[in-house]
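A.B. asks: Following this message is one structure expressed as structure tokens.
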Amino acid sequence: MADLTTNFAGIRSPNPFWLASAPPTDKAYNVERAFRAGWGGVVWKTLGEDPPVVNVSSRYGAISYNGARMAGFNNIELITDRPLSVNLDEIRRVKRDWPDRAVVVSLMVPCEEASWQRILPLVEATGCDGVELNFGCPHGMSERNMGSAVGQVPDYVEMVTRWCKRHSRLPVIVKLTPNITDILAPAAAARAGGADAVSLINTIQSITGVDLDLMAPEPVVGGQGTHGGYCGPAVKPIALRMVADIARDGATRGLPISGIGGIASWRDAAEFIALGAGTVQVCTAAMHYGFRIVTDMIDGLSNWMDAKGHRTLEEVRGRAIANYVHWNDLDLNYKSLARIDQDLCIRCGLCHIACEDTSHQAIAALRVDGARRYEVIDADCVGCNLCAHVCPVEHCITMQPQPTGRGKLTWTQHPNNPLRQEAAE
């Protein structure tokens with residue numbers, strides 16, 4: 001059996017599946033249910049200084065697409081609204097009762113060293129395994145100069161991280177905001193400040209919809225709404241790119257990464273790990289399906305690793321990074337053509353319509369013995385693979401590599417590249 005145990009920045013857990021800092025980790029009752037279900041760790045919902053914040057009702061919005069509920073999820077909830085002492089007592093008890101599970105505490109206090117200096121010893125006294133600095137919350141707290149208001153300024157990220165390393169012996173994980181142009185800047189700042197790891201992505205500023213009767217953004221609070229934080233399956237591609245950028249870049253390479261964003265299955269987790277993540281954090285999927293989804297995640301990841309011959313997660317982590325390159329490094333001589341399996345084809349014509357209207361007119365609509373038939377026109381096919389994506393039948397349209405007899409040629413090497421021409425001159 002594959003070994004799923006993790007050692008992430010010195011924090012050990014029996015598997016890489018952690019619950020993210022969010023409503024599912026707001027109290028001991030939830031966390032204990034999660035641990036009984038098999039989760040390897042939790043990041044406790046963000047603590048702040050007393051008095052606690054005041055939350056609103058309602059708090060959630062969602063995007064449902066093509067029959068899929070909660071394809072995207074939005075929240076306007078703030079950090080915990082429970083007293084700090086209550087949270088600390090529960091964290092202490094949970095860690096005592098579950099010593100083999102990772103218990104990391106998310107923190108957010110004003111951007112003043114004294115505030116961090118006050119709260120860190122209190123958290124450390126619980127026996128927790130580490131702290132996660134919430135530099136990502138894009139609503140409510142950012143208007144109070146916390147959350148993403150800090151995460152968007154690399155100098156602040158480095159400064160606060162340095163304070164936390166100065167005033168605590170715990171591993172410090174910096175949670176990064178995606179609401180920024182270049183994720184590498186705050187990641188490098190976190191490393192410069194002494195961070196033991198980073199986690200990402202936090203939620204993305206969003207409005208999921210508008211109530212056209214009330215004329216207010218959703219979720220509606222007393223006839224009004226605001227932007228919230230977007231998460232769920234819809235954000236996974238954004239999260240994968242940002243995780244991979246940090247894992248690949250020279251200034252941040254080797255920095256442990258906890259991947260967050262739309263993880264709902266073992267395959268999602270495997271993709272994050274292949275792009276450099278050491279653990280993965282889940283929220284929306286747990287809120288949608290309950291804590292027991294972790295059983296399928298654990299079994300699926302373990303079975304896949306067994307099938308591929310991977311004994312440990314370290315054998316998987318970052319294996320895809322070498323193949324994550326800049327566009328200029330892609331092979332311009334590589335060619336693939338679409339192929340339609342006529343035995344699987346249901347003659348719906350979606351491939352023809354998509355190609356004819358919006359692409360390269362490379363799929364012919366024919367009549368053969370009175371029946372519709374769709375065939376690829378090789379001379380016009382550019383291998384864009386739109387047809388394979390719109391086809392409703394799995395594996396009916398595939399992209400087949402074609403021999404060209406030419407070696408690899410990148411844009412960096414291409415004679416039409418003006419930078420290459422300048423260098424030659």
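Numbering starts fresh at 1 for the residues of each chain in the structure tokens, the chains themselves are lettered A, B, ... in the order given, and ligands are numbered from 1 as they appear.
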Which residues, written as a list in words, have at least one atom at most 6 Å from stretch 7-20 of chain A, with only C-alpha atoms counted and residues fewer than 2 positions away on the same chain left out?

C.D. replies: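 Result of the neighbour search: Leu4, Thr5, Ala22, Trp39, Gly40, Gly41, Val42, Val43, Arg101, Ala102, Asp196, Thr279, Val280, Gln281, Val282 and Cys283 of chain A.
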
A.B. asks: Save the residues we just selected, N, CA and C atoms, as a compact mmCIF listing (two decimals), in the first residue's frame?

C.D. replies:
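After the write, again.txt holds the following:
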```txt
# COMPACT_ATOMS: atom_id res chain seq x y z
N LEU A 4 0.78 7.39 2.65
CA LEU A 4 0.23 8.74 2.49
C LEU A 4 0.64 9.68 3.62
N THR A 5 1.47 9.21 4.54
CA THR A 5 1.87 10.08 5.64
C THR A 5 2.64 11.29 5.11
N ALA A 22 -12.13 27.59 7.67
CA ALA A 22 -13.44 27.92 7.11
C ALA A 22 -14.51 27.44 8.10
N TRP A 39 -9.87 12.65 8.19
CA TRP A 39 -9.06 13.76 7.72
C TRP A 39 -7.72 13.77 8.45
N GLY A 40 -6.67 14.09 7.69
CA GLY A 40 -5.33 14.08 8.26
C GLY A 40 -5.01 15.30 9.09
N GLY A 41 -5.72 16.40 8.86
CA GLY A 41 -5.43 17.62 9.61
C GLY A 41 -6.49 18.67 9.36
N VAL A 42 -6.43 19.73 10.12
CA VAL A 42 -7.33 20.87 9.94
C VAL A 42 -6.54 22.16 10.12
N VAL A 43 -7.01 23.20 9.48
CA VAL A 43 -6.57 24.55 9.80
C VAL A 43 -7.78 25.22 10.46
N ARG A 101 -2.97 13.90 14.53
CA ARG A 101 -3.52 14.74 13.46
C ARG A 101 -2.90 16.13 13.50
N ALA A 102 -2.81 16.74 12.33
CA ALA A 102 -2.28 18.10 12.24
C ALA A 102 -3.35 19.10 12.66
N ASP A 196 7.90 29.16 6.95
CA ASP A 196 8.22 27.75 6.79
C ASP A 196 7.48 27.14 5.60
N THR A 279 0.68 19.22 0.91
CA THR A 279 -0.63 18.85 1.44
C THR A 279 -1.68 19.57 0.61
N VAL A 280 -2.93 19.16 0.78
CA VAL A 280 -4.03 19.86 0.12
C VAL A 280 -5.09 20.19 1.17
N GLN A 281 -5.72 21.35 1.00
CA GLN A 281 -6.76 21.78 1.92
C GLN A 281 -8.10 21.85 1.19
N VAL A 282 -9.13 21.39 1.85
CA VAL A 282 -10.46 21.25 1.25
C VAL A 282 -11.48 22.00 2.09
N CYS A 283 -12.40 22.68 1.43
CA CYS A 283 -13.49 23.35 2.15
C CYS A 283 -14.82 23.11 1.46
```

A.B. asks: For the structure I just gave you, how does DSSP split stretch 135-325 of chain A - specifically, which residues are strand (DSSP E)? Reply as a list of chain:residue names.

C.D. replies: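 Filtering stretch 135-325 of chain A down to strand (DSSP E) leaves A:Val172, A:Ile173, A:Val174, A:Lys175, A:Ala197, A:Val198, A:Ser199, A:Leu200, A:Ile204, A:Gln205, A:Ser206, A:Val210, A:Asp211, A:Ala216, A:Pro217, A:Gly228, A:Gly229, A:Tyr230, A:Cys231, A:Ile257, A:Ser258, A:Gly259, A:Ile260, A:Thr279, A:Val280, A:Gln281, A:Val282.
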
A.B. asks: Let me make sure I understand: among A:Asp306, A:Asp89, A:Glu77, A:Glu271, which one has the smallest atom-to-atom distance to A:His227 if we use only C-alpha atoms?

C.D. replies: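 With only C-alpha atoms as the atom set, the closest residue is A:Glu77.
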
A.B. asks: List the neighbours of stretch 295-297 of chain A out to 10 Å using only C-alpha atoms; skip same-chain residues closer than 5 positions along the sequence, and give me the result as a list in words.

C.D. replies: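 The contact residues come out as Pro16, Phe17, Ala37, Gly38, Trp39, Ile263, Ala264, Ser265, Trp266, Arg267, Asp268, Ala269, Ala270, Ser302 and Asn303 of chain A.
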
A.B. asks: Pick from A:Ile293, A:Val368, A:Ile76, A:Val103: nearest to A:Ile204, with only C-alpha atoms counted?

C.D. replies: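 Smallest distance to A:Ile204 is found for A:Ile76.
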
A.B. asks: Applying 9 Å and only C-alpha atoms, which residues near A:Val53 remain after dropping the ones on its own chain fewer than 3 positions away? List them as a PyMOL selection string.

C.D. replies: chain A and resi 48-50+78-82

A.B. asks: Write out as a VMD selection string which residues come within 10 Å of stretch 397-410 of chain A when counting only C-alpha atoms, dropping same-chain ones fewer than 6 positions away.

C.D. replies: chain A and resid 327 to 342 344 to 345 351 383 to 391 417

A.B. asks: Show me, as a PDB file with C-alpha atoms, in the first residue's frame, the residues that have an atom within 10 Å of A:Asp211 when counting only C-alpha atoms, minus same-chain residues fewer than 6 positions from it.

C.D. replies:
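Contents of out_5.pdb, as written:
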```
ATOM      1  CA  PRO A 217     -25.917  41.293  -5.393  1.00  0.00           C
ATOM      2  CA  GLU A 218     -26.278  37.834  -3.873  1.00  0.00           C
ATOM      3  CA  PRO A 219     -26.216  36.801  -1.091  1.00  0.00           C
ATOM      4  CA  VAL A 220     -28.658  39.509  -0.065  1.00  0.00           C
ATOM      5  CA  GLY A 223     -31.868  44.260   0.501  1.00  0.00           C
ATOM      6  CA  GLN A 224     -28.153  44.865  -0.145  1.00  0.00           C
ATOM      7  CA  GLY A 225     -25.126  42.789  -1.030  1.00  0.00           C
TER       8      GLY A 225
END
```

A.B. asks: For A:Ser206, which residue out of A:Gly290, A:Gly370, A:Pro186, A:Gly228 is the nearest one, using only C-alpha atoms?

C.D. replies: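 Counting only C-alpha atoms, the residue closest to A:Ser206 is A:Gly228.
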
A.B. asks: When distances are computed from only C-alpha atoms, which of A:Pro24, A:Pro83, A:Gln205, A:Arg248 shows the smallest separation from A:Val54?

C.D. replies: A:Pro83

A.B. asks: Taking only C-alpha atoms into account, name the residue in A:Ile91, A:Leu122, A:Val157, A:Ile363 that is nearest to A:Lys175.

C.D. replies: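 For A:Lys175, the nearest of the candidates is A:Val157.
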
A.B. asks: Which of stretch 158-389 of chain A end up as alpha helix (DSSP H) when DSSP is run on this backbone - answer as a PyMOL selection string?

C.D. replies: chain A and resi 158-167+184-192+236-248+266-274+284-289+293-308+350-358+386-389

A.B. asks: Mind giving me the straight-line distance from atom CA of A:Met287 to atom CA of A:Glu124 in Å, one decimal?

C.D. replies: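 One can read the atom CA of A:Met287 to atom CA of A:Glu124 distance as 28.4 Å.
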
A.B. asks: Using only C-alpha atoms, which of the listed residues (A:Ile321, A:Ala192, A:Pro99, A:Val294) sits closest to A:Ile246?

C.D. replies: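 Of the candidates, the smallest distance to A:Ile246 is held by A:Ile321.
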
A.B. asks: When you look at A:Ala251 with a cut-off of 12 Å (counting only C-alpha atoms), what residues show up, excluding the ones that are within fewer than 6 positions of it in the same chain? I need them as a PyMOL selection string.

C.D. replies: chain A and resi 183-192+245

A.B. asks: Quick check, in Å to one decimal: how far apart do atom CA of A:Glu90 and atom CA of A:Thr25 lie?

C.D. replies: 11.2 Å
